[in-house]
Every structure is written in C-alpha cells, then in structure tokens.
Amino acid sequence: MPSKAAAYAAQSATSPLARFTIDRRDPGPTDVAMEILYCGVCHSDLHFARNEWGITQFPVVPGHEIVGRVTRVGSGVKGFRAGDVAAVGCLVDSCRACECCTRNLEQFCQKGAIFTYGGQDAHLGGTTHGGYSKSIVVDERFTLRVPKNLDPAAAAPLLCAGITTYSPLRQWGAGKGKKVGVVGLGGLGHMGVKFARAFGAHTVLLTTSPSKAEDGKRLGADEVIISKDAAQMGRHAGSFDVILDTVSADHDINALLGLLRLDGTLSLVGVPPAPMSVGAFGLIMPRKKIAGSLIGGLAETQEMLDFCGKHGIASDIEKIAMDQINTAYERMLRSDVRYRFVIDMATLV
Ligand code: NAP
Ligand code: ZN
Ligand code: ZN
C-alpha cells in the first residue's frame, strides 16, 4: 500500500504552488525511503511549474536537490541504513543497459531517463513527484551519499546546481593555466565559480548585477566583468578557454563567443525557453565550439559530492519555509537570490 505524503504542487502553469497530497510507494527490495529534510529551489523548477518548456504534465511537485534522512530500506539494500543522511538529485531511474547507462551517463539514457519529477512513474503510474514533499522512495542505485562534514541544507543544491557546473568544467578541462568564465551568479553560477576556482583555473565571473561583484570575488572569482559594459567585455575579447553559461533567460551568446580564444568552448547549461541565434562568423573565427551539458551521471555526482566533502565546498543558501516558495520564485526571476533558496521541509505540515 502506498503511503500519503504532504507536498507542494502547481496545478497549472498559472496557479501558484500550494499544498497537495501525493502517494509514495512502499520501499521495494532495492529501495531507500527517506524523510526529506531540505530541498533546494532550482530555476528549472520554476521553468517546469510554469510550463515554460511546454513539456509539463500537471499537477507537478518540483524539487530535485533533495537531502533526507533514511527511514527504511528494502531487504536487498547494502549501502544505506535507517538514520543515514542521503540525497537524491535529478534522476530516479534509467534503463541501466543502454550505451549511455553503461557509460555512467544515465541522464542521457537512450530509453529515456526517469527524472525526479515529471517523469513516468513505473511503480504508481502517472508522473514522478519531486522534493517539495515530506518523503521520497528511490532505488538505492539512484541514492547518493552526503559527506558527513557538509551541512545538509547547504549540500542540497549540490545535487543539481553542483553537478551541472562540475561536470562541464571537468569535461572542458577547466583547471590550472586556463581562463574560465562563469556567466550569471545564481544557483548554478555561484557553484561554477567555486568549482572553477577549486580546479585551479583563472576564474572570471560575468554578471549583469554590479551589486554581486564583491560576492563574486568572495566566492572565488579572480576577476569580475559587468557583462552589460561593452568596454569591460572588449578588454577580454579572444581570451577565454572555457565559458560556462548558466543564464536562464534570453541573452546574447554572440557577445560571449567573442570572448573565446582559439579552440575555446562556450558550454551552455542554462535553458532559456526560446531559441537563441548564433552568428556564424563569431563561431568559425578562430575555431570555437558551442557545447551543451545536462546535470551528470550518478557516479560523477557522487564524485562531485566527495570532492565537495574533501574541499569543504557547499552552496551559499537562504533557507525558506515551504509556504514562501511563490515569493522565492518571484525573487529568483529578479536575480535576487544569494545564491540558492533551500526549503526547510520541517515547515511543511
Ligand atoms: P538562477 O539562480 O535564477 O540564476 C540565473 C542567473 O542568470 C541570474 O542570477 C542572473 O545572474 C543571470 N540572468 C538572469 N536573467 C538574465 C538575463 N536576462 N540576461 C543575463 N543574465 C541573466 O537560476 P539557476 O537555478 O542557476 O538556473 C540557471 C539555468 O540553468 C536555468 O535555465 C535552469 O533551468 C538551467 N539548468 C540547467 C541544468 C542542466 O543540466 N543543463 C541544470 C539545472 C538548471 P546575474 O545577476 O549574475 O547576471
Ligand atoms: Zn535543477
Ligand atoms: Zn539507459
């Protein structure tokens, strides 16, 4: 028998999130059941709740930056026990057999990865429900370990903002001797700055918000560029090896391409709802790349969490109560978040 759990859901693209009740399955032999302690608020939650990508099935319970305490485990679970702090990110299942799954890239599962919310729920039917809720049940293989030295609330954003920036920075060789730009100082961007710095790159923040310049340096940027200032942008033309673009809204990526040097890479992780135009000249000279990246696989996500444990890296957060979520979305749209909202799930009753 499934059990009932309190949650917050959007019932339509235009309705605010409100209290809702969902079913959670009984843990099967390989499942881990947890009480959710904290859930980060990702801009993807907002895009999804408002159906900005045109793919949402309602009702939707967002949330994929989940840290919880294990309450029960199935008989076959080896790695978790009741009482452990555990985490769930953007994925709850995949086929486990295709080329992508066998290469630890479950997010690109060729049969279709099952995302934490809005995916097809093979157990209960309907869609999967995310972390804006009191509990969740997830297969052990999709459950992650949180290093003990990290604050569980500040660790929650690592499950999406963390891995989404860690993975492409690793992929494109951000490290010593490289000049790396991070565009947008929001949830993803502030983790990107921390990782680029931790990997030893010369780290540059590009922000539209002059008020964030000082924080950018505190978070690890060697330099800050106010991206609306053409003179500042001009001084850095043709100089970056890697630029990680985390911007959630329409913006000019041609201006960013102009900052790349020979063989430089513009890696997009932000997902503005509308297509963006690219001038071919800015890409062909001198031989540049535009790349994309989607979160990371399970093994890399655990690697990132362990890296954060070792280096004492976590998110800068503002804790909110569950019923502040709609205000938090409005603030996120105004770029007024320093630098990730995290819902304290004890406030959901
Ligand atoms: P966020 O906290 O709202 O941060 C976005 C930042 O982008 C803002 O803080 C702002 O930074 C900048 N920005 C906003 N509007 C802008 C505009 N019109 N022009 C230029 N800059 C602007 O969002 P987030 O949670 O980091 O997510 C960012 C994007 O990544 C979203 O589209 C989200 O869906 C996507 N995402 C993708 C993945 C993936 O796997 N690829 C995973 C998670 C999220 P400044 O104030 O510093 O300019
Ligand atoms: Zn996310
Ligand atoms: Zn697969």
# chains A, B, ... in the order shown; residues from 1 in each chain; ligands from 1
>>> residues_around(residues="range 318-334 of chain A", least_positions_apart="2", cutoff="6 Å", atoms="only C-alpha atoms", output="MDAnalysis selection string")
chainID A and resid 336:337 341:344 347:348
>>> residues_around(residues="Leu298 in chain A", least_positions_apart="5", cutoff="8 Å", atoms="only C-alpha atoms", output="JSON, numbers by chain")
{"A": [104, 105, 106, 142, 144]}
>>> residues_near_ligand(ligand="ligand 3", cutoff="6 Å", atoms="only C-alpha atoms and all ligand atoms", output="number ranges by chain")
A: 94-98, 100-101, 109-111
>>> write_last_selection(atoms="N, CA, C and O atoms", output="mmCIF file, in the first residue's frame")
data_model
loop_
_atom_site.group_PDB
_atom_site.id
_atom_site.type_symbol
_atom_site.label_atom_id
_atom_site.label_comp_id
_atom_site.auth_asym_id
_atom_site.auth_seq_id
_atom_site.Cartn_x
_atom_site.Cartn_y
_atom_site.Cartn_z
ATOM 1 N N SER A 94 16.705 4.750 -14.723
ATOM 2 C CA SER A 94 17.036 4.714 -16.149
ATOM 3 C C SER A 94 17.077 3.246 -16.527
ATOM 4 O O SER A 94 16.916 2.374 -15.659
ATOM 5 N N CYS A 95 17.313 2.938 -17.812
ATOM 6 C CA CYS A 95 17.208 1.530 -18.227
ATOM 7 C C CYS A 95 18.372 0.679 -17.710
ATOM 8 O O CYS A 95 18.268 -0.517 -17.579
ATOM 9 N N ARG A 96 19.494 1.315 -17.432
ATOM 10 C CA ARG A 96 20.700 0.676 -16.855
ATOM 11 C C ARG A 96 21.437 -0.240 -17.839
ATOM 12 O O ARG A 96 22.383 -0.917 -17.454
ATOM 13 N N ALA A 97 20.993 -0.307 -19.091
ATOM 14 C CA ALA A 97 21.593 -1.263 -20.033
ATOM 15 C C ALA A 97 22.069 -0.613 -21.331
ATOM 16 O O ALA A 97 22.887 -1.191 -22.033
ATOM 17 N N CYS A 98 21.583 0.555 -21.672
ATOM 18 C CA CYS A 98 21.936 1.154 -22.962
ATOM 19 C C CYS A 98 23.367 1.694 -22.917
ATOM 20 O O CYS A 98 24.020 1.693 -21.867
ATOM 21 N N CYS A 100 24.522 4.710 -23.001
ATOM 22 C CA CYS A 100 24.728 5.826 -22.065
ATOM 23 C C CYS A 100 24.723 5.339 -20.620
ATOM 24 O O CYS A 100 25.572 5.743 -19.814
ATOM 25 N N CYS A 101 23.773 4.471 -20.285
ATOM 26 C CA CYS A 101 23.715 3.972 -18.904
ATOM 27 C C CYS A 101 24.984 3.204 -18.547
ATOM 28 O O CYS A 101 25.517 3.350 -17.448
ATOM 29 N N CYS A 109 20.098 8.404 -20.878
ATOM 30 C CA CYS A 109 19.572 7.058 -21.158
ATOM 31 C C CYS A 109 18.783 7.057 -22.471
ATOM 32 O O CYS A 109 17.882 7.868 -22.664
ATOM 33 N N GLN A 110 19.144 6.119 -23.351
ATOM 34 C CA GLN A 110 18.504 6.105 -24.673
ATOM 35 C C GLN A 110 17.057 5.629 -24.618
ATOM 36 O O GLN A 110 16.290 5.854 -25.555
ATOM 37 N N LYS A 111 16.689 4.964 -23.526
ATOM 38 C CA LYS A 111 15.276 4.590 -23.355
ATOM 39 C C LYS A 111 14.510 5.695 -22.628
ATOM 40 O O LYS A 111 13.316 5.566 -22.381
#
>>> residues_around(residues="range 146-156 of chain A", least_positions_apart="2", cutoff="10 Å", atoms="only C-alpha atoms", output="PyMOL selection string")
chain A and resi 37-41+64-69+84-89+143-144+158-162+302+305-310+312-319+340-344
>>> write_last_selection(atoms="C-alpha atoms", output="short mmCIF file (atom, residue, chain, number, x, y, z; two decimals), in the first residue's frame")
data_model
loop_
_atom_site.label_atom_id
_atom_site.label_comp_id
_atom_site.auth_asym_id
_atom_site.auth_seq_id
_atom_site.Cartn_x
_atom_site.Cartn_y
_atom_site.Cartn_z
CA LEU A 37 14.98 17.42 5.37
CA TYR A 38 15.90 20.02 2.75
CA CYS A 39 15.18 20.68 -0.89
CA GLY A 40 16.94 23.31 -3.00
CA VAL A 41 14.99 25.54 -5.39
CA HIS A 64 15.43 17.76 -7.37
CA GLU A 65 18.01 18.92 -4.83
CA ILE A 66 16.99 16.60 -2.05
CA VAL A 67 18.73 15.75 1.20
CA GLY A 68 16.94 13.49 3.66
CA ARG A 69 17.24 11.04 6.47
CA ASP A 84 21.78 7.83 7.39
CA VAL A 85 21.76 11.20 5.64
CA ALA A 86 21.22 10.53 1.95
CA ALA A 87 20.48 12.53 -1.17
CA VAL A 88 18.56 12.40 -4.44
CA GLY A 89 19.24 14.58 -7.46
CA THR A 143 20.55 7.43 -3.99
CA LEU A 144 23.70 9.37 -3.10
CA LEU A 158 24.98 20.27 -4.97
CA LEU A 159 22.54 17.66 -6.29
CA CYS A 160 21.67 19.84 -9.28
CA ALA A 161 23.50 23.18 -9.26
CA GLY A 162 26.66 21.41 -8.11
CA GLN A 302 28.96 11.02 -6.13
CA LEU A 305 29.87 15.24 -3.58
CA ASP A 306 33.06 13.56 -2.36
CA PHE A 307 35.14 16.37 -3.90
CA CYS A 308 32.98 18.89 -2.03
CA GLY A 309 33.43 16.95 1.21
CA LYS A 310 37.19 16.89 0.75
CA GLY A 312 34.69 21.86 2.22
CA ILE A 313 32.60 23.18 -0.67
CA ALA A 314 28.84 23.70 -0.39
CA SER A 315 26.24 26.19 -1.55
CA ASP A 316 25.61 29.65 -0.11
CA ILE A 317 21.96 29.38 0.82
CA GLU A 318 18.96 31.23 2.11
CA LYS A 319 16.62 28.91 3.98
CA ARG A 340 20.23 29.31 -3.60
CA PHE A 341 16.92 29.08 -1.79
CA VAL A 342 16.62 25.87 0.22
CA ILE A 343 13.28 24.78 1.64
CA ASP A 344 13.39 23.60 5.24
#
>>> residues_near_ligand(ligand="ligand 1", cutoff="6 Å", atoms="only C-alpha atoms and all ligand atoms", output="PyMOL selection string")
chain A and resi 42-44+160-161+164+184-189+207-209+246-251+269-272+293-295+332+335
>>> closest_residue(among="A:Gly112, A:Pro2, A:Pro157, A:Gly181", to="ligand 2", atoms="only C-alpha atoms and all ligand atoms")
A:Pro157
>>> closest_residue(among="A:Gly131, A:Gly126, A:Gly177, A:Pro275", to="ligand 2", atoms="only C-alpha atoms and all ligand atoms")
A:Gly131
>>> residues_around(residues="Ala49 in chain A", least_positions_apart="3", cutoff="9 Å", atoms="only C-alpha atoms", output="VMD selection string")
chain A and resid 9 to 17 44 to 46 52 56 58 to 62
